[in-house]
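This report concerns only the one structure given below.
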Amino acid sequence: MSKIVAEQLVDMLVEAGVKRVYAVTGDSLNHFNDAIRRNGKIKWIHVRHEEVGAYAAAAEAELDGFAVCAGSCGPGHVHLINGLYDAHKSHVPLLAIASTINTGEMGMDYFQETNTIKLFDDCSCYNQMIMTAEQAPRIIQTAIQHALGKKGVAVIGLPGDVSELKAVESNISTQYFHCNPVIRPSDTELQHLAKAINESTKITLFCGIGAEKAHDQVVQLSQHIKAPVGYSFRGKMSIQPNNPNEIGMTGLLGQPSAYHSMHESHLVLLLGTDFPYDKFMPTANKIIQIDTSTERLGRRANLYMGLCGDVANTIEALLPLLETKTDDSFFTGTT
């Protein structure tokens with residue numbers, strides 16, 4: 001028996017490793033809901049409110065790398081927005097299925113009609129409507145790849161009548177690519193970075209969520225150059241544990257120790273952080289920022305250097321160029 005678009009969507013979600021969909025049952029989601037029931041490999045988590053579903057999916061995406069929520073026409077779309085904004089601003093991969101009215105009713109001020117492109121445009125990195133069965137596999141694959149690659153929210157508009165069309169076999173990739181490239185500054189940039197660190201006697205490391213996979217490298221660097229380690233709110237879970245040189249957070253949610261350490265340093269290294277509280281950022285010392293997203297460089301602080309690099313990759317390449325410091329008076333507060 002040939003499959004319908006809703007079943008094709010479920011198959012592709014299974015291929016992407018999705019285990020749960022958070023949604024409210026009913027209305028234009030019915031074909032998608034039933035396809036999940038018949039497939040049996042994904043759990044439909046019925047929530048009281050679509051906003052709860054979007055927040056739950058955002059939390060799962062933060063912990064597990066990808067998640068899915070869904071909302072039906074009108075209020076179901078609008079209720080998703082808070083959770084989608086949270087996921088998008090937190091840069092976590094999330095797919096939202098915005099099922100909507102039948103295509104023949106679009107543009108006619110139909111009951112609970114919303115324009116999903118306009119509605120979700122500011123809280124997504126990809127936002128498209130499936131209008132034909134031929135489009136479906138390509139848009140689904142592209143949406144998921146955008147969510148994974150750009151670490152943000154991808155929204156698929158899915159009219160109820162399109163979800164029950166006979167599925168068309170895709171002629172493009174239906175698998176997903178979780179890329180993990182090695183990203184670090186050039187050799188020349190690393191030499192300049194090492195020189196700045198070697199010439200400084202008071203250094204503070206400040207880590208964000210971009211350093212979440214670099215805990216061991218950050219601790220090794222801090223011990224090598226005797227630098228205290230502060231962190232943002234989102235960097236706390238990955239950087240604080242088993243870190244003998246950690247000094248807490250700064251900013252509106254922070255402690256004085258991290259604030260004073262950053263301000264009294266000769267050099268501050270911002271590692272994988274887009275720290276929003278620029279009023280807490282020091283202005284009288286050298287600041288070097290390292291991030292994989294170059295558009296974030298320099299928008300929170302006046303930088304001495306801005307470098308493109310994954311925190312773990314960069315530290316591993318940097319350590320052989322650094323002198324081992326023995327003076328720990330800045331960290332211990334005896335200066």
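The chains in the structure tokens are called A, B, ... from first to last as shown; in each chain the residues are counted from 1, and the ligands are counted from 1 in the order shown.
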(request) Write out as number ranges by chain which residues come within 12 Å of Ala59 in chain A when counting only C-alpha atoms, dropping same-chain ones fewer than 5 positions away. (result) A: 22, 52-54, 64-69, 83-84, 86-88, 90-94
How would the residues just picked look written out with N, CA, C and O atoms as an mmCIF file, in the first residue's frame?
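Below you can see result17.cif, which holds the result:
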data_model
loop_
_atom_site.group_PDB
_atom_site.id
_atom_site.type_symbol
_atom_site.label_atom_id
_atom_site.label_comp_id
_atom_site.auth_asym_id
_atom_site.auth_seq_id
_atom_site.Cartn_x
_atom_site.Cartn_y
_atom_site.Cartn_z
ATOM 1 N N TYR A 22 5.985 16.590 20.656
ATOM 2 C CA TYR A 22 5.175 17.249 21.676
ATOM 3 C C TYR A 22 4.100 18.079 20.985
ATOM 4 O O TYR A 22 4.404 18.980 20.195
ATOM 5 N N VAL A 52 3.639 24.741 26.099
ATOM 6 C CA VAL A 52 4.335 23.748 26.922
ATOM 7 C C VAL A 52 5.077 22.763 26.032
ATOM 8 O O VAL A 52 6.229 22.384 26.306
ATOM 9 N N GLY A 53 4.434 22.351 24.935
ATOM 10 C CA GLY A 53 5.074 21.420 24.020
ATOM 11 C C GLY A 53 6.322 21.993 23.382
ATOM 12 O O GLY A 53 7.338 21.302 23.245
ATOM 13 N N ALA A 54 6.258 23.265 23.004
ATOM 14 C CA ALA A 54 7.420 23.903 22.385
ATOM 15 C C ALA A 54 8.563 24.037 23.387
ATOM 16 O O ALA A 54 9.737 23.799 23.051
ATOM 17 N N ASP A 64 19.509 16.672 24.015
ATOM 18 C CA ASP A 64 19.687 15.512 23.145
ATOM 19 C C ASP A 64 20.100 15.856 21.718
ATOM 20 O O ASP A 64 20.369 14.961 20.929
ATOM 21 N N GLY A 65 20.109 17.145 21.361
ATOM 22 C CA GLY A 65 20.611 17.534 20.049
ATOM 23 C C GLY A 65 19.581 17.786 18.978
ATOM 24 O O GLY A 65 19.888 18.401 17.956
ATOM 25 N N PHE A 66 18.330 17.351 19.171
ATOM 26 C CA PHE A 66 17.278 17.602 18.187
ATOM 27 C C PHE A 66 15.945 17.176 18.766
ATOM 28 O O PHE A 66 15.869 16.180 19.497
ATOM 29 N N ALA A 67 14.878 17.923 18.460
ATOM 30 C CA ALA A 67 13.552 17.580 18.971
ATOM 31 C C ALA A 67 12.480 18.178 18.068
ATOM 32 O O ALA A 67 12.766 19.020 17.206
ATOM 33 N N VAL A 68 11.237 17.734 18.296
ATOM 34 C CA VAL A 68 10.126 18.134 17.431
ATOM 35 C C VAL A 68 8.899 18.485 18.265
ATOM 36 O O VAL A 68 8.577 17.815 19.249
ATOM 37 N N CYS A 69 8.218 19.553 17.855
ATOM 38 C CA CYS A 69 6.907 19.883 18.425
ATOM 39 C C CYS A 69 5.964 20.183 17.270
ATOM 40 O O CYS A 69 6.376 20.321 16.117
ATOM 41 N N GLY A 83 7.911 29.218 22.995
ATOM 42 C CA GLY A 83 8.880 28.130 23.055
ATOM 43 C C GLY A 83 9.830 28.132 21.872
ATOM 44 O O GLY A 83 11.014 27.810 22.013
ATOM 45 N N LEU A 84 9.321 28.507 20.687
ATOM 46 C CA LEU A 84 10.189 28.561 19.514
ATOM 47 C C LEU A 84 11.213 29.682 19.634
ATOM 48 O O LEU A 84 12.379 29.521 19.242
ATOM 49 N N ASP A 86 12.436 30.741 22.426
ATOM 50 C CA ASP A 86 13.406 30.248 23.412
ATOM 51 C C ASP A 86 14.427 29.335 22.755
ATOM 52 O O ASP A 86 15.638 29.475 22.957
ATOM 53 N N ALA A 87 13.953 28.406 21.935
ATOM 54 C CA ALA A 87 14.856 27.470 21.259
ATOM 55 C C ALA A 87 15.754 28.188 20.262
ATOM 56 O O ALA A 87 16.956 27.920 20.175
ATOM 57 N N HIS A 88 15.173 29.115 19.503
ATOM 58 C CA HIS A 88 15.943 29.799 18.463
ATOM 59 C C HIS A 88 17.017 30.699 19.073
ATOM 60 O O HIS A 88 18.154 30.725 18.597
ATOM 61 N N SER A 90 18.356 30.295 21.931
ATOM 62 C CA SER A 90 19.318 29.430 22.617
ATOM 63 C C SER A 90 20.147 28.611 21.635
ATOM 64 O O SER A 90 21.020 27.854 22.052
ATOM 65 N N HIS A 91 19.844 28.726 20.350
ATOM 66 C CA HIS A 91 20.592 28.033 19.296
ATOM 67 C C HIS A 91 20.574 26.513 19.479
ATOM 68 O O HIS A 91 21.608 25.860 19.509
ATOM 69 N N VAL A 92 19.366 25.977 19.636
ATOM 70 C CA VAL A 92 19.222 24.522 19.713
ATOM 71 C C VAL A 92 18.393 24.035 18.528
ATOM 72 O O VAL A 92 17.451 24.704 18.101
ATOM 73 N N PRO A 93 18.730 22.868 17.971
ATOM 74 C CA PRO A 93 18.029 22.362 16.782
ATOM 75 C C PRO A 93 16.631 21.852 17.114
ATOM 76 O O PRO A 93 16.470 20.888 17.861
ATOM 77 N N LEU A 94 15.629 22.500 16.549
ATOM 78 C CA LEU A 94 14.235 22.153 16.830
ATOM 79 C C LEU A 94 13.429 22.239 15.537
ATOM 80 O O LEU A 94 13.594 23.178 14.754
#
Can you list, as a PDB file with N, CA, C and O atoms, in the first residue's frame, all residues belonging to range 72-309 of chain A that DSSP tags as strand (DSSP E)?
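Result file selection-v3.pdb:
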ATOM      1  N   LEU A  94      15.629  22.500  16.549  1.00  0.00           N
ATOM      2  CA  LEU A  94      14.235  22.153  16.830  1.00  0.00           C
ATOM      3  C   LEU A  94      13.429  22.239  15.537  1.00  0.00           C
ATOM      4  O   LEU A  94      13.594  23.178  14.754  1.00  0.00           O
ATOM      5  N   LEU A  95      12.572  21.263  15.322  1.00  0.00           N
ATOM      6  CA  LEU A  95      11.654  21.279  14.182  1.00  0.00           C
ATOM      7  C   LEU A  95      10.239  21.479  14.697  1.00  0.00           C
ATOM      8  O   LEU A  95       9.787  20.767  15.595  1.00  0.00           O
ATOM      9  N   ALA A  96       9.530  22.447  14.112  1.00  0.00           N
ATOM     10  CA  ALA A  96       8.130  22.687  14.458  1.00  0.00           C
ATOM     11  C   ALA A  96       7.263  22.375  13.247  1.00  0.00           C
ATOM     12  O   ALA A  96       7.488  22.907  12.156  1.00  0.00           O
ATOM     13  N   ILE A  97       6.276  21.498  13.452  1.00  0.00           N
ATOM     14  CA  ILE A  97       5.304  21.182  12.410  1.00  0.00           C
ATOM     15  C   ILE A  97       4.080  22.058  12.653  1.00  0.00           C
ATOM     16  O   ILE A  97       3.367  21.878  13.643  1.00  0.00           O
ATOM     17  N   ALA A  98       3.859  23.032  11.770  1.00  0.00           N
ATOM     18  CA  ALA A  98       2.709  23.931  11.906  1.00  0.00           C
ATOM     19  C   ALA A  98       1.654  23.503  10.895  1.00  0.00           C
ATOM     20  O   ALA A  98       1.610  24.003   9.765  1.00  0.00           O
ATOM     21  N   SER A  99       0.819  22.549  11.296  1.00  0.00           N
ATOM     22  CA  SER A  99      -0.230  22.101  10.371  1.00  0.00           C
ATOM     23  C   SER A  99      -1.265  23.214  10.237  1.00  0.00           C
ATOM     24  O   SER A  99      -1.515  23.962  11.180  1.00  0.00           O
ATOM     25  N   THR A 100      -1.832  23.317   9.056  1.00  0.00           N
ATOM     26  CA  THR A 100      -2.710  24.462   8.825  1.00  0.00           C
ATOM     27  C   THR A 100      -3.903  24.074   7.953  1.00  0.00           C
ATOM     28  O   THR A 100      -4.097  22.897   7.625  1.00  0.00           O
ATOM     29  N   TYR A 126      14.680  28.531   9.274  1.00  0.00           N
ATOM     30  CA  TYR A 126      14.073  27.985   8.054  1.00  0.00           C
ATOM     31  C   TYR A 126      12.574  27.946   8.279  1.00  0.00           C
ATOM     32  O   TYR A 126      12.108  27.524   9.347  1.00  0.00           O
ATOM     33  N   ASN A 127      11.801  28.382   7.264  1.00  0.00           N
ATOM     34  CA  ASN A 127      10.372  28.532   7.477  1.00  0.00           C
ATOM     35  C   ASN A 127       9.669  28.450   6.126  1.00  0.00           C
ATOM     36  O   ASN A 127       9.631  29.429   5.384  1.00  0.00           O
ATOM     37  N   GLN A 128       9.132  27.264   5.795  1.00  0.00           N
ATOM     38  CA  GLN A 128       8.507  27.074   4.484  1.00  0.00           C
ATOM     39  C   GLN A 128       7.230  26.243   4.608  1.00  0.00           C
ATOM     40  O   GLN A 128       7.052  25.486   5.554  1.00  0.00           O
ATOM     41  N   MET A 129       6.373  26.409   3.603  1.00  0.00           N
ATOM     42  CA  MET A 129       5.107  25.686   3.548  1.00  0.00           C
ATOM     43  C   MET A 129       5.178  24.595   2.480  1.00  0.00           C
ATOM     44  O   MET A 129       5.635  24.833   1.364  1.00  0.00           O
ATOM     45  N   VAL A 153      15.679  26.950  14.957  1.00  0.00           N
ATOM     46  CA  VAL A 153      14.335  26.414  14.742  1.00  0.00           C
ATOM     47  C   VAL A 153      14.028  26.375  13.251  1.00  0.00           C
ATOM     48  O   VAL A 153      14.235  27.360  12.534  1.00  0.00           O
ATOM     49  N   ALA A 154      13.540  25.249  12.784  1.00  0.00           N
ATOM     50  CA  ALA A 154      13.024  25.120  11.425  1.00  0.00           C
ATOM     51  C   ALA A 154      11.524  24.855  11.523  1.00  0.00           C
ATOM     52  O   ALA A 154      11.088  24.026  12.325  1.00  0.00           O
ATOM     53  N   VAL A 155      10.757  25.573  10.721  1.00  0.00           N
ATOM     54  CA  VAL A 155       9.299  25.447  10.752  1.00  0.00           C
ATOM     55  C   VAL A 155       8.806  24.913   9.412  1.00  0.00           C
ATOM     56  O   VAL A 155       9.200  25.401   8.346  1.00  0.00           O
ATOM     57  N   ILE A 156       7.957  23.901   9.473  1.00  0.00           N
ATOM     58  CA  ILE A 156       7.311  23.359   8.278  1.00  0.00           C
ATOM     59  C   ILE A 156       5.815  23.625   8.383  1.00  0.00           C
ATOM     60  O   ILE A 156       5.154  23.154   9.313  1.00  0.00           O
ATOM     61  N   GLY A 157       5.282  24.390   7.446  1.00  0.00           N
ATOM     62  CA  GLY A 157       3.837  24.551   7.343  1.00  0.00           C
ATOM     63  C   GLY A 157       3.268  23.365   6.581  1.00  0.00           C
ATOM     64  O   GLY A 157       3.747  23.038   5.490  1.00  0.00           O
ATOM     65  N   LEU A 158       2.253  22.711   7.137  1.00  0.00           N
ATOM     66  CA  LEU A 158       1.708  21.494   6.528  1.00  0.00           C
ATOM     67  C   LEU A 158       0.181  21.564   6.481  1.00  0.00           C
ATOM     68  O   LEU A 158      -0.499  21.289   7.476  1.00  0.00           O
ATOM     69  N   PRO A 159      -0.392  21.930   5.338  1.00  0.00           N
ATOM     70  CA  PRO A 159      -1.855  21.955   5.216  1.00  0.00           C
ATOM     71  C   PRO A 159      -2.445  20.557   5.423  1.00  0.00           C
ATOM     72  O   PRO A 159      -1.847  19.543   5.036  1.00  0.00           O
ATOM     73  N   ILE A 203      45.349  36.582  33.786  1.00  0.00           N
ATOM     74  CA  ILE A 203      44.462  36.155  32.700  1.00  0.00           C
ATOM     75  C   ILE A 203      43.207  35.523  33.291  1.00  0.00           C
ATOM     76  O   ILE A 203      43.286  34.754  34.260  1.00  0.00           O
ATOM     77  N   THR A 204      42.056  35.836  32.707  1.00  0.00           N
ATOM     78  CA  THR A 204      40.801  35.182  33.077  1.00  0.00           C
ATOM     79  C   THR A 204      40.183  34.553  31.843  1.00  0.00           C
ATOM     80  O   THR A 204      40.144  35.163  30.772  1.00  0.00           O
ATOM     81  N   LEU A 205      39.720  33.312  31.991  1.00  0.00           N
ATOM     82  CA  LEU A 205      38.954  32.649  30.948  1.00  0.00           C
ATOM     83  C   LEU A 205      37.472  32.810  31.259  1.00  0.00           C
ATOM     84  O   LEU A 205      37.049  32.602  32.398  1.00  0.00           O
ATOM     85  N   PHE A 206      36.684  33.179  30.261  1.00  0.00           N
ATOM     86  CA  PHE A 206      35.240  33.270  30.461  1.00  0.00           C
ATOM     87  C   PHE A 206      34.558  32.460  29.377  1.00  0.00           C
ATOM     88  O   PHE A 206      34.716  32.733  28.187  1.00  0.00           O
ATOM     89  N   CYS A 207      33.792  31.434  29.796  1.00  0.00           N
ATOM     90  CA  CYS A 207      33.268  30.429  28.875  1.00  0.00           C
ATOM     91  C   CYS A 207      31.750  30.491  28.770  1.00  0.00           C
ATOM     92  O   CYS A 207      31.047  30.713  29.769  1.00  0.00           O
ATOM     93  N   VAL A 229      38.547  30.647  35.949  1.00  0.00           N
ATOM     94  CA  VAL A 229      37.579  30.377  34.884  1.00  0.00           C
ATOM     95  C   VAL A 229      36.185  30.824  35.321  1.00  0.00           C
ATOM     96  O   VAL A 229      35.598  30.268  36.247  1.00  0.00           O
ATOM     97  N   GLY A 230      35.668  31.836  34.662  1.00  0.00           N
ATOM     98  CA  GLY A 230      34.282  32.242  34.845  1.00  0.00           C
ATOM     99  C   GLY A 230      33.434  31.653  33.735  1.00  0.00           C
ATOM    100  O   GLY A 230      33.949  31.094  32.763  1.00  0.00           O
ATOM    101  N   TYR A 231      32.110  31.792  33.858  1.00  0.00           N
ATOM    102  CA  TYR A 231      31.237  31.221  32.837  1.00  0.00           C
ATOM    103  C   TYR A 231      29.891  31.916  32.846  1.00  0.00           C
ATOM    104  O   TYR A 231      29.472  32.528  33.840  1.00  0.00           O
ATOM    105  N   GLU A 246      37.431  27.246  38.823  1.00  0.00           N
ATOM    106  CA  GLU A 246      36.213  27.985  38.487  1.00  0.00           C
ATOM    107  C   GLU A 246      35.884  29.014  39.561  1.00  0.00           C
ATOM    108  O   GLU A 246      36.090  28.791  40.748  1.00  0.00           O
ATOM    109  N   ILE A 247      35.366  30.170  39.087  1.00  0.00           N
ATOM    110  CA  ILE A 247      35.058  31.285  39.996  1.00  0.00           C
ATOM    111  C   ILE A 247      33.626  31.778  39.837  1.00  0.00           C
ATOM    112  O   ILE A 247      33.272  32.842  40.330  1.00  0.00           O
ATOM    113  N   GLY A 248      32.780  31.019  39.135  1.00  0.00           N
ATOM    114  CA  GLY A 248      31.380  31.378  39.051  1.00  0.00           C
ATOM    115  C   GLY A 248      31.029  32.240  37.848  1.00  0.00           C
ATOM    116  O   GLY A 248      31.819  32.441  36.936  1.00  0.00           O
ATOM    117  N   MET A 249      29.821  32.784  37.906  1.00  0.00           N
ATOM    118  CA  MET A 249      29.274  33.577  36.807  1.00  0.00           C
ATOM    119  C   MET A 249      29.481  35.068  37.053  1.00  0.00           C
ATOM    120  O   MET A 249      29.758  35.504  38.161  1.00  0.00           O
ATOM    121  N   LEU A 267      44.434  40.265  30.589  1.00  0.00           N
ATOM    122  CA  LEU A 267      43.891  39.641  29.386  1.00  0.00           C
ATOM    123  C   LEU A 267      42.684  38.786  29.748  1.00  0.00           C
ATOM    124  O   LEU A 267      42.735  38.007  30.699  1.00  0.00           O
ATOM    125  N   VAL A 268      41.611  38.945  29.001  1.00  0.00           N
ATOM    126  CA  VAL A 268      40.408  38.124  29.165  1.00  0.00           C
ATOM    127  C   VAL A 268      40.183  37.349  27.872  1.00  0.00           C
ATOM    128  O   VAL A 268      40.166  37.928  26.779  1.00  0.00           O
ATOM    129  N   LEU A 269      40.022  36.022  28.006  1.00  0.00           N
ATOM    130  CA  LEU A 269      39.701  35.180  26.851  1.00  0.00           C
ATOM    131  C   LEU A 269      38.228  34.799  26.913  1.00  0.00           C
ATOM    132  O   LEU A 269      37.786  34.138  27.861  1.00  0.00           O
ATOM    133  N   LEU A 270      37.459  35.233  25.941  1.00  0.00           N
ATOM    134  CA  LEU A 270      36.049  34.873  25.829  1.00  0.00           C
ATOM    135  C   LEU A 270      35.953  33.641  24.943  1.00  0.00           C
ATOM    136  O   LEU A 270      36.244  33.707  23.742  1.00  0.00           O
ATOM    137  N   LEU A 271      35.540  32.517  25.519  1.00  0.00           N
ATOM    138  CA  LEU A 271      35.562  31.241  24.817  1.00  0.00           C
ATOM    139  C   LEU A 271      34.141  30.740  24.560  1.00  0.00           C
ATOM    140  O   LEU A 271      33.443  30.322  25.485  1.00  0.00           O
ATOM    141  N   LYS A 286      43.000  43.872  27.629  1.00  0.00           N
ATOM    142  CA  LYS A 286      42.897  43.182  26.346  1.00  0.00           C
ATOM    143  C   LYS A 286      41.833  42.091  26.422  1.00  0.00           C
ATOM    144  O   LYS A 286      41.788  41.337  27.403  1.00  0.00           O
ATOM    145  N   ILE A 287      41.023  42.016  25.395  1.00  0.00           N
ATOM    146  CA  ILE A 287      39.999  40.977  25.316  1.00  0.00           C
ATOM    147  C   ILE A 287      40.153  40.245  23.985  1.00  0.00           C
ATOM    148  O   ILE A 287      40.239  40.876  22.923  1.00  0.00           O
ATOM    149  N   ILE A 288      40.216  38.921  24.053  1.00  0.00           N
ATOM    150  CA  ILE A 288      40.294  38.082  22.860  1.00  0.00           C
ATOM    151  C   ILE A 288      39.091  37.149  22.856  1.00  0.00           C
ATOM    152  O   ILE A 288      38.829  36.474  23.852  1.00  0.00           O
ATOM    153  N   GLN A 289      38.370  37.130  21.767  1.00  0.00           N
ATOM    154  CA  GLN A 289      37.165  36.306  21.658  1.00  0.00           C
ATOM    155  C   GLN A 289      37.371  35.219  20.622  1.00  0.00           C
ATOM    156  O   GLN A 289      37.866  35.472  19.526  1.00  0.00           O
ATOM    157  N   ILE A 290      36.973  33.991  20.984  1.00  0.00           N
ATOM    158  CA  ILE A 290      37.077  32.839  20.080  1.00  0.00           C
ATOM    159  C   ILE A 290      35.693  32.212  19.940  1.00  0.00           C
ATOM    160  O   ILE A 290      35.071  31.835  20.940  1.00  0.00           O
ATOM    161  N   ASP A 291      35.200  32.109  18.709  1.00  0.00           N
ATOM    162  CA  ASP A 291      33.857  31.581  18.472  1.00  0.00           C
ATOM    163  C   ASP A 291      33.796  31.010  17.063  1.00  0.00           C
ATOM    164  O   ASP A 291      34.508  31.473  16.172  1.00  0.00           O
ATOM    165  N   MET A 305      41.712  40.846  19.775  1.00  0.00           N
ATOM    166  CA  MET A 305      41.704  39.863  18.691  1.00  0.00           C
ATOM    167  C   MET A 305      40.344  39.160  18.656  1.00  0.00           C
ATOM    168  O   MET A 305      39.753  38.907  19.701  1.00  0.00           O
ATOM    169  N   GLY A 306      39.882  38.874  17.445  1.00  0.00           N
ATOM    170  CA  GLY A 306      38.689  38.060  17.260  1.00  0.00           C
ATOM    171  C   GLY A 306      39.044  36.889  16.361  1.00  0.00           C
ATOM    172  O   GLY A 306      39.536  37.088  15.245  1.00  0.00           O
ATOM    173  N   LEU A 307      38.819  35.663  16.848  1.00  0.00           N
ATOM    174  CA  LEU A 307      39.287  34.478  16.130  1.00  0.00           C
ATOM    175  C   LEU A 307      38.148  33.488  15.913  1.00  0.00           C
ATOM    176  O   LEU A 307      37.291  33.298  16.792  1.00  0.00           O
ATOM    177  N   CYS A 308      38.158  32.850  14.753  1.00  0.00           N
ATOM    178  CA  CYS A 308      37.169  31.824  14.450  1.00  0.00           C
ATOM    179  C   CYS A 308      37.737  30.463  14.831  1.00  0.00           C
ATOM    180  O   CYS A 308      38.781  30.046  14.312  1.00  0.00           O
TER     181      CYS A 308
END
(request) Choose the residue, out of A:Glu51, A:Glu60, A:Glu264, A:Glu164, that has the smallest atom-to-atom separation from Val78 in chain A; count only C-alpha atoms. (result) A:Glu51
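Distances from A:Cys73, A:Gly254, A:Ala56, A:Met237 to Lys213 in chain A were compared using only C-alpha atoms, and the smallest one belongs to A:Met237.
By chain and then residue number, the residues within 12 Å of Glu212 in chain A are A:Glu62, A:Leu63, A:Cys207, A:Gln217, A:Val218, A:Tyr231, A:Ser232, A:Phe233, A:Arg234, A:Gly235, A:Lys236, A:Met237, A:Ser238, A:Ile239, A:Gln240, A:Pro241, A:Leu271, A:Gly272, A:Thr273, A:Asp310, A:Val311, A:Ala312, counting only C-alpha atoms and disregarding those fewer than 5 positions away in sequence.
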(request) Based on DSSP run over this structure's backbone, return all residues of range 135-190 of chain A in helix (DSSP H, G or I), as number ranges by chain. (result) A: 136-150, 160-163, 187-190
Please produce a file of the residues just selected, as a CSV table (one decimal), in the first residue's frame, where the atoms kept are N, CA, C and O atoms.
chain,number,residue,atom,x,y,z
A,136,ALA,N,7.3,17.8,-0.5
A,136,ALA,CA,7.3,17.3,0.9
A,136,ALA,C,8.7,16.7,1.3
A,136,ALA,O,9.3,17.2,2.3
A,137,PRO,N,9.2,15.7,0.7
A,137,PRO,CA,10.5,15.1,1.2
A,137,PRO,C,11.6,16.1,1.1
A,137,PRO,O,12.5,16.1,2.0
A,138,ARG,N,11.6,17.0,0.1
A,138,ARG,CA,12.7,18.0,0.0
A,138,ARG,C,12.7,19.0,1.1
A,138,ARG,O,13.7,19.4,1.7
A,139,ILE,N,11.5,19.5,1.3
A,139,ILE,CA,11.3,20.5,2.4
A,139,ILE,C,11.6,19.9,3.8
A,139,ILE,O,12.3,20.5,4.6
A,140,ILE,N,11.1,18.7,4.0
A,140,ILE,CA,11.4,18.1,5.3
A,140,ILE,C,12.9,17.9,5.5
A,140,ILE,O,13.4,18.2,6.6
A,141,GLN,N,13.6,17.3,4.5
A,141,GLN,CA,15.0,17.1,4.6
A,141,GLN,C,15.8,18.4,4.8
A,141,GLN,O,16.6,18.6,5.7
A,142,THR,N,15.4,19.4,4.0
A,142,THR,CA,16.0,20.7,4.1
A,142,THR,C,15.8,21.4,5.5
A,142,THR,O,16.7,22.0,6.1
A,143,ALA,N,14.6,21.3,6.0
A,143,ALA,CA,14.2,21.9,7.3
A,143,ALA,C,15.1,21.3,8.4
A,143,ALA,O,15.6,22.0,9.2
A,144,ILE,N,15.1,19.9,8.4
A,144,ILE,CA,15.9,19.3,9.5
A,144,ILE,C,17.4,19.6,9.3
A,144,ILE,O,18.1,19.8,10.3
A,145,GLN,N,17.9,19.6,8.1
A,145,GLN,CA,19.3,19.9,7.9
A,145,GLN,C,19.6,21.4,8.3
A,145,GLN,O,20.7,21.7,8.9
A,146,HIS,N,18.7,22.3,8.1
A,146,HIS,CA,18.9,23.7,8.6
A,146,HIS,C,18.9,23.7,10.1
A,146,HIS,O,19.7,24.4,10.7
A,147,ALA,N,18.0,23.0,10.8
A,147,ALA,CA,17.9,23.0,12.2
A,147,ALA,C,19.3,22.5,12.8
A,147,ALA,O,19.8,23.0,13.7
A,148,LEU,N,19.8,21.4,12.2
A,148,LEU,CA,21.0,20.8,12.7
A,148,LEU,C,22.2,21.6,12.4
A,148,LEU,O,23.1,21.8,13.2
A,149,GLY,N,22.3,22.1,11.1
A,149,GLY,CA,23.4,22.9,10.7
A,149,GLY,C,23.5,24.3,11.3
A,149,GLY,O,24.6,24.7,11.6
A,150,LYS,N,22.4,25.0,11.4
A,150,LYS,CA,22.4,26.3,11.9
A,150,LYS,C,22.1,26.4,13.4
A,150,LYS,O,22.1,27.5,13.9
A,160,GLY,N,-3.6,20.5,6.0
A,160,GLY,CA,-4.2,19.2,6.3
A,160,GLY,C,-4.5,18.4,5.1
A,160,GLY,O,-4.2,17.2,5.1
A,161,ASP,N,-4.9,19.0,4.0
A,161,ASP,CA,-5.1,18.2,2.8
A,161,ASP,C,-3.8,17.7,2.1
A,161,ASP,O,-3.8,16.6,1.5
A,162,VAL,N,-2.7,18.4,2.3
A,162,VAL,CA,-1.5,18.0,1.7
A,162,VAL,C,-1.0,16.8,2.5
A,162,VAL,O,-0.4,15.8,1.9
A,163,SER,N,-1.2,16.7,3.8
A,163,SER,CA,-0.7,15.6,4.6
A,163,SER,C,-1.3,14.3,4.3
A,163,SER,O,-0.7,13.2,4.6
A,187,ASP,N,47.6,29.1,11.7
A,187,ASP,CA,48.9,29.0,12.5
A,187,ASP,C,49.4,30.4,12.9
A,187,ASP,O,49.9,30.6,14.0
A,188,THR,N,49.3,31.3,12.0
A,188,THR,CA,49.7,32.7,12.3
A,188,THR,C,48.9,33.3,13.4
A,188,THR,O,49.4,33.9,14.4
A,189,GLU,N,47.6,33.1,13.3
A,189,GLU,CA,46.7,33.6,14.4
A,189,GLU,C,47.0,33.0,15.7
A,189,GLU,O,47.0,33.6,16.8
A,190,LEU,N,47.3,31.7,15.7
A,190,LEU,CA,47.6,31.0,17.0
A,190,LEU,C,48.9,31.5,17.6
A,190,LEU,O,49.0,31.6,18.8
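Nearest-residue note for Glu50 in chain A: choosing from A:His79, A:Arg38, A:Thr25, A:Asn243, the minimum distance belongs to A:His79, counting only C-alpha atoms.
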(message) Which residues are near Phe111 in chain A? Cut-off 10 Å, only C-alpha atoms, ignore same chain within fewer than 6 positions. Put them as a ChimeraX atom specification.
(response) /A:73-74,101,105
Keeping only all heavy atoms, take the residues you just selected and write them out as a short mmCIF file (atom, residue, chain, number, x, y, z; two decimals), in the first residue's frame.
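Wrote selection-v9.cif, looks like this:
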data_model
loop_
_atom_site.label_atom_id
_atom_site.label_comp_id
_atom_site.auth_asym_id
_atom_site.auth_seq_id
_atom_site.Cartn_x
_atom_site.Cartn_y
_atom_site.Cartn_z
N CYS A 73 -3.94 24.61 13.50
CA CYS A 73 -4.30 25.93 12.98
C CYS A 73 -4.52 26.98 14.07
O CYS A 73 -4.90 26.67 15.20
CB CYS A 73 -5.61 25.82 12.19
SG CYS A 73 -5.59 24.61 10.88
N GLY A 74 -4.33 28.22 13.68
CA GLY A 74 -4.71 29.36 14.50
C GLY A 74 -4.03 29.42 15.84
O GLY A 74 -2.82 29.62 15.92
N ILE A 101 -4.68 25.06 7.58
CA ILE A 101 -5.93 24.83 6.85
C ILE A 101 -5.65 24.25 5.47
O ILE A 101 -4.54 24.36 4.95
CB ILE A 101 -6.75 26.13 6.72
CG1 ILE A 101 -5.96 27.18 5.93
CG2 ILE A 101 -7.12 26.66 8.11
CD1 ILE A 101 -6.74 28.43 5.61
N GLU A 105 -8.63 26.69 0.91
CA GLU A 105 -9.22 27.74 1.73
C GLU A 105 -8.25 28.89 2.01
O GLU A 105 -8.65 29.90 2.57
CB GLU A 105 -9.68 27.15 3.07
CG GLU A 105 -10.68 26.02 2.98
CD GLU A 105 -12.04 26.49 2.47
OE1 GLU A 105 -12.26 27.71 2.37
OE2 GLU A 105 -12.88 25.61 2.18
#
